[in-house]
$ cat model-v2.cif   # mmCIF, C-alpha atoms
data_structure
#
loop_
_atom_site.label_atom_id
_atom_site.label_comp_id
_atom_site.auth_asym_id
_atom_site.auth_seq_id
_atom_site.Cartn_x
_atom_site.Cartn_y
_atom_site.Cartn_z
CA VAL A 16 46.74 -111.88 -100.96
CA THR A 17 49.33 -109.81 -99.13
CA ALA A 18 50.66 -109.99 -95.56
CA ILE A 19 50.37 -106.44 -94.22
CA SER A 20 51.56 -107.08 -90.65
CA GLU A 21 52.62 -109.87 -88.34
CA SER A 22 48.95 -110.75 -87.74
CA GLU A 23 47.05 -109.47 -90.79
CA ILE A 24 46.64 -110.54 -94.42
CA SER A 25 44.81 -108.48 -97.02
CA LEU A 26 42.80 -110.14 -99.79
CA SER A 27 41.55 -108.44 -102.93
CA TRP A 28 39.85 -109.68 -106.07
CA THR A 29 38.07 -108.38 -109.14
CA ASP A 30 34.32 -108.87 -109.39
CA ASN A 31 33.68 -110.38 -112.84
CA LEU A 32 30.03 -111.37 -112.27
CA ASP A 33 26.80 -109.40 -112.22
CA GLU A 34 24.45 -111.88 -110.51
CA GLU A 35 26.34 -112.85 -107.38
CA GLN A 36 25.07 -111.94 -103.95
CA GLY A 37 28.50 -112.07 -102.34
CA TYR A 38 31.68 -114.06 -101.87
CA ARG A 39 32.46 -116.80 -99.39
CA ILE A 40 36.08 -116.97 -98.17
CA GLU A 41 37.60 -120.14 -96.78
CA ARG A 42 41.01 -120.51 -95.13
CA CYS A 43 43.47 -123.13 -93.98
CA ALA A 44 46.88 -122.87 -92.29
CA GLY A 45 50.03 -124.33 -93.80
CA ALA A 46 51.91 -123.98 -97.07
CA LEU A 47 50.33 -127.14 -98.55
CA CYS A 48 47.13 -127.30 -96.53
CA SER A 49 43.84 -128.50 -98.02
CA ASP A 50 41.55 -128.58 -94.98
CA PHE A 51 39.76 -125.33 -95.80
CA THR A 52 37.15 -124.05 -93.35
CA PHE A 53 34.65 -121.24 -93.57
CA LEU A 54 36.05 -117.80 -92.70
CA VAL A 55 33.55 -115.13 -93.72
CA ASP A 56 30.87 -114.13 -96.23
CA VAL A 57 31.52 -110.80 -97.95
CA THR A 58 28.33 -109.18 -99.26
CA ASP A 59 28.42 -107.68 -102.75
CA SER A 60 26.04 -105.59 -104.85
CA VAL A 61 24.24 -107.53 -107.56
CA GLY A 62 24.79 -106.10 -111.02
CA THR A 63 28.22 -104.55 -110.47
CA ILE A 64 31.06 -105.77 -112.66
CA GLY A 65 34.77 -104.89 -112.62
CA GLU A 66 34.88 -103.61 -109.06
CA THR A 67 37.74 -104.57 -106.74
CA THR A 68 36.59 -106.15 -103.50
CA THR A 69 38.83 -106.44 -100.44
CA TYR A 70 38.88 -108.16 -97.06
CA THR A 71 41.44 -108.05 -94.24
CA ASP A 72 41.96 -111.18 -92.17
CA THR A 73 43.15 -110.25 -88.66
CA GLY A 74 44.27 -112.01 -85.49
CA LEU A 75 46.57 -114.44 -87.31
CA ASP A 76 49.57 -116.30 -85.94
CA VAL A 77 52.97 -114.84 -86.71
CA SER A 78 55.30 -116.46 -89.24
CA THR A 79 52.51 -118.68 -90.53
CA THR A 80 51.42 -119.42 -94.12
CA TYR A 81 47.70 -119.24 -94.85
CA ASN A 82 45.89 -120.45 -97.98
CA TYR A 83 42.65 -118.85 -99.08
CA ARG A 84 39.99 -119.68 -101.62
CA LEU A 85 36.76 -117.90 -102.39
CA TYR A 86 33.74 -118.44 -104.55
CA PRO A 87 30.81 -116.24 -105.49
CA TYR A 88 27.31 -117.29 -104.64
CA LYS A 89 24.05 -116.37 -106.31
CA PRO A 90 20.76 -115.37 -104.67
CA VAL A 91 18.77 -117.98 -102.79
CA GLY A 92 17.55 -120.82 -104.99
CA CYS A 93 20.57 -120.84 -107.31
CA THR A 94 23.53 -123.15 -107.22
CA TRP A 95 27.01 -122.21 -105.97
CA VAL A 96 29.60 -121.21 -108.51
CA ASP A 97 32.91 -123.14 -108.68
CA TYR A 98 35.79 -122.12 -106.48
CA ALA A 99 38.16 -119.46 -107.69
CA VAL A 100 41.91 -120.07 -107.78
CA THR A 101 43.47 -120.36 -104.32
CA ALA A 102 46.19 -117.98 -103.10
CA ASP A 103 48.48 -117.92 -100.08
CA ALA A 104 50.52 -115.49 -98.00
CA THR A 105 52.75 -115.79 -94.95
CA THR A 106 52.46 -113.48 -91.98
CA ASP A 107 55.77 -111.84 -91.14
CA ILE A 108 57.17 -109.70 -88.34
CA PRO A 109 58.50 -106.51 -89.94
CA VAL A 110 61.40 -104.71 -88.32
CA PRO A 111 60.80 -101.17 -87.04
CA GLY A 112 61.41 -98.71 -89.86
CA THR A 113 63.06 -95.35 -90.48
CA LEU A 114 65.15 -95.04 -87.33
CA THR A 115 66.49 -91.51 -86.89
CA THR A 116 68.70 -89.97 -84.21
CA THR A 117 69.30 -86.35 -83.22
CA ALA A 118 71.85 -84.99 -80.73
CA TYR A 119 69.90 -82.19 -79.05
CA ASP A 120 72.65 -81.20 -76.64
CA THR A 121 75.69 -82.49 -74.78
CA THR A 122 73.98 -85.29 -72.81
CA GLU A 123 70.78 -86.14 -74.72
CA ILE A 124 70.00 -87.96 -77.94
CA SER A 125 66.48 -88.21 -79.35
CA LEU A 126 65.37 -91.27 -81.33
CA SER A 127 62.32 -91.77 -83.54
CA TRP A 128 61.16 -94.66 -85.71
CA THR A 129 58.18 -96.07 -87.57
CA ASP A 130 56.10 -98.60 -85.64
CA THR A 131 55.50 -101.37 -88.17
CA THR A 132 53.83 -103.97 -85.93
CA SER A 133 50.38 -103.96 -84.35
CA THR A 134 50.56 -106.61 -81.63
CA GLU A 135 53.87 -105.87 -79.90
CA THR A 136 53.87 -105.60 -76.11
CA ALA A 137 57.02 -103.46 -75.97
CA ILE A 138 59.83 -101.84 -77.95
CA GLU A 139 63.43 -102.62 -76.98
CA ILE A 140 66.12 -99.99 -77.56
CA ASP A 141 69.73 -101.16 -77.48
CA ARG A 142 72.66 -98.76 -77.02
CA CYS A 143 76.39 -99.29 -77.06
CA GLU A 144 79.25 -96.82 -76.90
CA GLY A 145 81.21 -96.14 -80.07
CA ASP A 146 80.36 -95.87 -83.77
CA SER A 147 81.54 -99.42 -84.48
CA CYS A 148 80.50 -101.19 -81.27
CA ASN A 149 78.86 -104.62 -81.52
CA PHE A 150 76.33 -104.25 -78.68
CA SER A 151 78.40 -106.38 -76.33
CA PRO A 152 78.15 -104.96 -73.76
CA LYS A 153 74.97 -102.99 -74.31
CA THR A 154 72.35 -101.00 -72.44
CA THR A 155 68.71 -101.87 -73.18
CA TYR A 156 65.73 -99.62 -72.55
CA VAL A 157 62.16 -100.95 -72.78
CA VAL A 158 59.25 -98.69 -73.76
CA GLY A 159 55.57 -99.45 -74.21
CA PRO A 160 53.75 -100.68 -77.33
CA ASP A 161 52.90 -98.19 -80.08
CA THR A 162 55.78 -95.94 -78.95
CA ASN A 163 57.80 -94.30 -81.73
CA THR A 164 60.07 -91.84 -79.89
CA TYR A 165 62.56 -91.95 -77.03
CA THR A 166 65.01 -89.50 -75.47
CA ASP A 167 68.20 -90.93 -73.98
CA ASN A 168 69.39 -88.45 -71.33
CA THR A 169 72.05 -90.48 -69.51
CA LEU A 170 74.91 -89.76 -71.89
CA SER A 171 78.38 -88.24 -71.73
CA HIS A 172 79.35 -85.25 -73.83
CA SER A 173 81.57 -85.59 -76.93
CA THR A 174 80.88 -89.34 -77.07
CA SER A 175 79.72 -91.57 -79.93
CA TYR A 176 76.81 -93.94 -79.35
CA SER A 177 75.14 -96.56 -81.56
CA TYR A 178 71.47 -97.56 -81.40
CA ARG A 179 69.18 -100.28 -82.73
CA ILE A 180 65.57 -101.21 -81.88
CA ARG A 181 63.16 -104.09 -82.24
CA SER A 182 59.54 -104.94 -81.43
CA VAL A 183 58.80 -107.74 -78.97
CA ASN A 184 55.75 -109.65 -77.80
CA ASP A 185 56.26 -111.50 -74.52
CA VAL A 186 52.83 -113.15 -74.60
CA VAL A 187 52.85 -115.10 -77.89
CA PRO A 188 55.96 -114.73 -77.80
CA TRP A 189 57.93 -113.26 -80.72
CA ASN A 190 60.70 -110.77 -81.49
CA SER A 191 61.11 -108.80 -84.68
CA GLY A 192 64.48 -108.40 -86.33
CA TYR A 193 66.55 -105.37 -85.40
CA SER A 194 66.33 -102.07 -87.21
CA GLU A 195 69.34 -100.58 -88.92
CA VAL A 196 72.12 -99.40 -86.61
CA LEU A 197 72.65 -95.65 -86.36
CA SER A 198 75.61 -93.92 -84.73
CA ILE A 199 75.68 -90.34 -83.44
CA THR A 200 77.93 -88.20 -81.24
CA THR A 201 76.75 -85.96 -78.43
CA LEU A 202 77.69 -82.29 -78.65
CA THR A 203 80.87 -80.85 -77.13
CA PRO A 204 80.42 -78.03 -74.60
CA GLY A 205 82.49 -74.94 -75.36
CA ALA A 206 84.26 -72.93 -72.70
CA PRO A 207 83.20 -69.31 -72.13
CA THR A 208 85.33 -66.85 -74.09
CA VAL A 209 86.04 -63.10 -74.30
CA LEU A 210 86.05 -62.65 -70.53
CA THR A 211 86.44 -58.97 -69.66
CA ALA A 212 86.88 -57.19 -66.31
CA GLU A 213 86.40 -53.43 -65.87
CA ARG A 214 86.85 -51.31 -62.76
CA ALA A 215 83.50 -49.72 -61.94
CA SER A 216 84.40 -48.13 -58.62
CA GLU A 217 86.95 -48.43 -55.86
CA VAL A 218 85.16 -51.54 -54.56
CA ARG A 219 83.42 -52.99 -57.64
CA ILE A 220 84.53 -54.77 -60.84
CA GLU A 221 82.17 -55.55 -63.71
CA LEU A 222 82.72 -58.83 -65.54
CA ALA A 223 81.26 -60.12 -68.82
CA TRP A 224 81.86 -63.13 -71.06
CA GLN A 225 80.59 -64.91 -74.16
CA ILE A 226 78.51 -68.07 -73.71
CA ASN A 227 79.43 -71.02 -75.95
CA THR A 228 77.09 -73.67 -74.50
CA ALA A 229 73.38 -74.27 -74.95
CA ASP A 230 72.51 -76.60 -72.09
CA GLU A 231 74.60 -75.55 -69.11
CA THR A 232 72.86 -75.38 -65.73
CA SER A 233 75.24 -72.84 -64.17
CA PHE A 234 78.38 -70.76 -64.57
CA ARG A 235 81.06 -70.97 -61.89
CA LEU A 236 83.03 -67.74 -61.42
CA GLU A 237 86.38 -67.82 -59.65
CA ARG A 238 88.62 -65.04 -58.38
CA GLY A 239 92.37 -65.17 -57.83
CA ASP A 240 95.22 -62.91 -56.81
CA ALA A 241 97.28 -60.54 -58.95
CA ALA A 242 99.45 -63.44 -60.14
CA CYS A 243 96.36 -65.29 -61.36
CA ALA A 244 96.87 -67.97 -58.74
CA ASN A 245 95.03 -69.21 -55.65
CA PHE A 246 91.63 -69.11 -57.33
CA THR A 247 88.48 -69.50 -55.23
CA GLU A 248 84.94 -69.90 -56.48
CA ILE A 249 82.99 -66.80 -55.50
CA VAL A 250 79.61 -67.46 -57.07
CA SER A 251 77.50 -69.99 -59.01
CA LEU A 252 75.33 -68.20 -61.55
CA PRO A 253 72.19 -69.45 -63.34
CA ALA A 254 72.28 -70.80 -66.90
CA GLY A 255 72.39 -68.10 -69.53
CA THR A 256 74.18 -65.56 -67.30
CA ALA A 257 76.87 -63.61 -69.15
CA SER A 258 77.83 -60.90 -66.63
CA TYR A 259 78.48 -60.33 -62.93
CA SER A 260 79.24 -57.42 -60.58
CA ASP A 261 81.90 -58.30 -58.03
CA ILE A 262 81.44 -55.89 -55.14
CA GLY A 263 82.94 -55.33 -51.68
CA LEU A 264 86.53 -55.51 -52.94
CA ASP A 265 89.63 -54.04 -51.30
CA PHE A 266 90.99 -50.66 -52.43
CA SER A 267 93.92 -50.56 -54.84
CA THR A 268 94.05 -54.33 -55.24
CA THR A 269 94.50 -56.32 -58.43
CA TYR A 270 92.26 -59.33 -59.00
CA CYS A 271 92.25 -62.09 -61.62
CA TYR A 272 89.10 -63.90 -62.79
CA ARG A 273 88.11 -67.01 -64.69
CA VAL A 274 84.75 -68.66 -65.43
CA ARG A 275 83.56 -72.04 -66.67
CA ALA A 276 80.21 -73.59 -67.56
CA HIS A 277 78.72 -76.54 -65.68
CA LYS A 278 75.88 -78.97 -66.34
CA ALA A 279 74.26 -80.97 -63.56
CA ALA A 280 73.19 -84.23 -65.23
CA ALA A 281 73.53 -87.99 -64.91
CA ASN A 282 77.00 -87.48 -66.40
CA GLU A 283 77.75 -83.93 -65.31
CA TRP A 284 80.45 -81.87 -66.94
CA PHE A 285 82.55 -78.72 -66.53
CA THR A 286 83.99 -76.91 -69.50
CA ALA A 287 87.54 -75.67 -69.61
CA TYR A 288 88.12 -72.24 -68.07
CA SER A 289 87.69 -69.03 -70.00
CA ASN A 290 90.61 -66.89 -71.06
#
$ encode --input "model-v2.cif" --output "structure tokens"
Amino acid sequence: VTAISESEISLSWTDNLDEEQGYRIERCAGALCSDFTFLVDVTDSVGTIGETTTYTDTGLDVSTTYNYRLYPYKPVGCTWVDYAVTADATTDIPVPGTLTTTAYDTTEISLSWTDTTSTETAIEIDRCEGDSCNFSPKTTYVVGPDTNTYTDNTLSHSTSYSYRIRSVNDVVPWNSGYSEVLSITTLTPGAPTVLTAERASEVRIELAWQINTADETSFRLERGDAACANFTEIVSLPAGTASYSDIGLDFSTTYCYRVRAHKAAANEWFTAYSN
């Protein structure tokens, strides 16, 4: 007998008889119990020897030891055969398995895990800041049963976070142990580089730059005077924009430019300015 979940135990045995009609399984609860009661009759094929027969007992209480015994029975009119040797197993609450984390961008981390329980009512995800934090204080997110992924999108860039998860059942109730703790750091946004400005006409300057971010929501372009002072934002450009035409300028006037990336998020950020 083997506990395969917090509420299931699997039984298997070898069929060593060729005249039995089936097997009767009896069960009692407790490590030293003896008050066996009928559980189920498992039908077998007469004349088969050496086959492995299995049965899964479901709907069990968590953290409970169950004893089983079974005996084969012959067709009607024959006597019952003696009991086989008894065996026991204890239901257990396995911790969620194979927790993995991935930093997709500067403010989001994706988690995935193996759901190892079958009767949980929710999954709790704990987060704390730092790669050696002790979850005090912590932030806890609750997701539904049978969930095995979650995206945390309330993070700050360039910051280390630690995660752990557990299964819970608020009806029985029970909590599993925690999974392993994994730490991961969100990505750091890079400032735009290689900013260039070229005179295109007496009233227009063409600008271009290199993008070094993957999840910005805009680029903020600023223009200053000849001394590269007194900057003013002149335009907010969509994500992925790497050029701009500044038109309607004064004749024979020198201008200075700078640009930075921006992300609008729960914890928004601006990069440093370009060259």
$ residues_around --input "model-v2.cif" --residues "Asp146 (chain A)" --least-positions-apart "5" --cutoff "12 Å" --atoms "only C-alpha atoms" --output "list of chain:residue names"
A:Thr174, A:Ser175, A:Tyr176, A:Ser177, A:Tyr178, A:Val196, A:Leu197, A:Ser198, A:Ile199, A:Thr200, A:Thr201
$ resolve_selection --input "model-v2.cif" --expression "the PyMOL selection byres ((chain A and resi 112-114) around 8)" --output "PyMOL selection string"
chain A and resi 110-111+115-116+126-131+194-195+197
$ atom_distance --input "model-v2.cif" --atom1 "CA of Ser151 (chain A)" --atom2 "CA of Thr169 (chain A)"
18.4 Å
$ residues_around --input "model-v2.cif" --residues "Leu26 (chain A)" --least-positions-apart "4" --cutoff "10 Å" --atoms "all atoms listed in the file" --output "PyMOL selection string"
chain A and resi 16-18+40+68-72+83+102-104
$ atom_distance --input "model-v2.cif" --atom1 "CA of Val57 (chain A)" --atom2 "CA of Thr79 (chain A)"
23.6 Å
$ atom_distance --input "model-v2.cif" --atom1 "CA of Gly263 (chain A)" --atom2 "CA of Thr232 (chain A)"
26.5 Å
$ axis_aligned_box --input "model-v2.cif" --around "region 33-46 of chain A" --padding-each-side "3 Å" --output "JSON"
{"center_x": 38.2, "center_y": -116.9, "center_z": -102.3, "size_x": 33.5, "size_y": 20.9, "size_z": 25.9}
$ resolve_selection --input "model-v2.cif" --expression "the PyMOL selection byres ((chain A and resi 212) around 8)" --output "PyMOL selection string"
chain A and resi 210-211+213-214+220-223+272
$ closest_atom_pairs --input "model-v2.cif" --of "region 178-268 of chain A" --to "region 282-286 of chain A" --cutoff "8 Å" --atoms "all atoms listed in the file" --output "JSON lines"
{"residue": "A:Pro204", "atom": "CA", "partner": "A:Thr286", "partner_atom": "CA", "distance": 6.3}
{"residue": "A:Gly205", "atom": "CA", "partner": "A:Thr286", "partner_atom": "CA", "distance": 6.4}
{"residue": "A:Ala206", "atom": "CA", "partner": "A:Thr286", "partner_atom": "CA", "distance": 5.1}
$ decode --input "model-v2.cif" --residues "region 87-190 of chain A" --atoms "C-alpha atoms" --output "CSV table (one decimal), in the first residue's frame"
chain,number,residue,atom,x,y,z
A,87,PRO,CA,-9.8,-13.9,-2.1
A,88,TYR,CA,-13.2,-15.5,-2.4
A,89,LYS,CA,-14.2,-18.4,-4.5
A,90,PRO,CA,-17.4,-18.8,-6.6
A,91,VAL,CA,-20.7,-19.2,-4.8
A,92,GLY,CA,-20.9,-22.4,-2.7
A,93,CYS,CA,-17.3,-22.4,-1.7
A,94,THR,CA,-15.8,-21.3,1.5
A,95,TRP,CA,-13.8,-18.1,2.0
A,96,VAL,CA,-10.0,-18.3,1.9
A,97,ASP,CA,-8.0,-17.0,4.9
A,98,TYR,CA,-7.0,-13.4,5.1
A,99,ALA,CA,-3.9,-12.2,3.5
A,100,VAL,CA,-1.2,-10.3,5.4
A,101,THR,CA,-2.4,-6.8,6.5
A,102,ALA,CA,-0.6,-3.6,5.3
A,103,ASP,CA,-0.8,0.0,6.3
A,104,ALA,CA,-0.1,3.5,4.9
A,105,THR,CA,-0.4,7.0,6.2
A,106,THR,CA,-2.0,9.8,4.1
A,107,ASP,CA,0.3,12.8,3.8
A,108,ILE,CA,0.1,16.3,2.5
A,109,PRO,CA,2.9,16.7,0.0
A,110,VAL,CA,4.4,20.2,-0.5
A,111,PRO,CA,4.1,21.8,-4.0
A,112,GLY,CA,6.9,20.6,-6.2
A,113,THR,CA,9.4,22.0,-8.7
A,114,LEU,CA,9.0,25.7,-8.1
A,115,THR,CA,10.6,27.8,-10.8
A,116,THR,CA,10.9,31.6,-11.3
A,117,THR,CA,11.6,33.7,-14.4
A,118,ALA,CA,12.2,37.4,-14.6
A,119,TYR,CA,10.4,38.4,-17.8
A,120,ASP,CA,11.2,42.1,-17.6
A,121,THR,CA,11.9,44.9,-15.1
A,122,THR,CA,8.6,44.7,-13.1
A,123,GLU,CA,7.3,41.1,-13.6
A,124,ILE,CA,8.3,37.7,-12.3
A,125,SER,CA,6.6,34.5,-13.5
A,126,LEU,CA,6.3,31.5,-11.2
A,127,SER,CA,5.3,27.9,-11.9
A,128,TRP,CA,5.2,24.8,-9.8
A,129,THR,CA,3.8,21.2,-9.7
A,130,ASP,CA,0.4,20.8,-8.0
A,131,THR,CA,0.9,17.8,-5.8
A,132,THR,CA,-2.4,17.8,-3.9
A,133,SER,CA,-5.9,17.1,-5.1
A,134,THR,CA,-8.2,18.5,-2.5
A,135,GLU,CA,-6.7,22.0,-1.8
A,136,THR,CA,-9.0,25.0,-1.9
A,137,ALA,CA,-6.3,27.5,-2.7
A,138,ILE,CA,-2.6,28.0,-3.2
A,139,GLU,CA,-0.8,30.6,-1.1
A,140,ILE,CA,2.2,32.5,-2.6
A,141,ASP,CA,4.5,34.3,-0.2
A,142,ARG,CA,6.9,37.0,-1.3
A,143,CYS,CA,9.5,39.0,0.6
A,144,GLU,CA,12.1,41.4,-0.6
A,145,GLY,CA,15.8,40.3,-0.7
A,146,ASP,CA,17.6,37.0,-1.5
A,147,SER,CA,18.0,36.2,2.2
A,148,CYS,CA,14.7,37.6,3.6
A,149,ASN,CA,12.8,35.5,6.2
A,150,PHE,CA,9.3,36.3,5.1
A,151,SER,CA,8.7,38.7,7.9
A,152,PRO,CA,7.3,41.0,6.7
A,153,LYS,CA,5.8,39.2,3.6
A,154,THR,CA,3.2,39.7,0.9
A,155,THR,CA,0.8,36.8,0.3
A,156,TYR,CA,-1.2,36.2,-2.8
A,157,VAL,CA,-4.0,33.6,-2.9
A,158,VAL,CA,-4.9,31.8,-6.2
A,159,GLY,CA,-7.5,29.1,-6.8
A,160,PRO,CA,-7.1,25.3,-6.5
A,161,ASP,CA,-5.3,23.4,-9.3
A,162,THR,CA,-3.4,26.5,-10.3
A,163,ASN,CA,0.3,26.0,-11.2
A,164,THR,CA,1.4,29.4,-12.5
A,165,TYR,CA,1.3,33.0,-11.3
A,166,THR,CA,2.7,36.3,-12.6
A,167,ASP,CA,3.8,38.9,-10.0
A,168,ASN,CA,3.6,42.3,-11.8
A,169,THR,CA,3.8,44.7,-8.8
A,170,LEU,CA,7.6,44.7,-8.5
A,171,SER,CA,10.4,47.2,-8.6
A,172,HIS,CA,13.2,47.0,-11.2
A,173,SER,CA,16.7,45.8,-10.2
A,174,THR,CA,15.4,44.3,-7.0
A,175,SER,CA,15.8,40.8,-5.5
A,176,TYR,CA,12.7,38.9,-4.3
A,177,SER,CA,12.2,35.5,-2.7
A,178,TYR,CA,9.2,33.3,-3.1
A,179,ARG,CA,7.7,30.2,-1.5
A,180,ILE,CA,4.3,28.5,-1.9
A,181,ARG,CA,2.0,26.0,-0.1
A,182,SER,CA,-1.4,24.3,-0.7
A,183,VAL,CA,-4.2,25.0,1.8
A,184,ASN,CA,-7.6,23.6,2.5
A,185,ASP,CA,-9.8,25.9,4.6
A,186,VAL,CA,-12.7,23.4,4.8
A,187,VAL,CA,-11.1,20.4,6.5
A,188,PRO,CA,-8.8,22.4,7.3
A,189,TRP,CA,-5.1,21.7,6.5
A,190,ASN,CA,-2.0,23.3,5.2
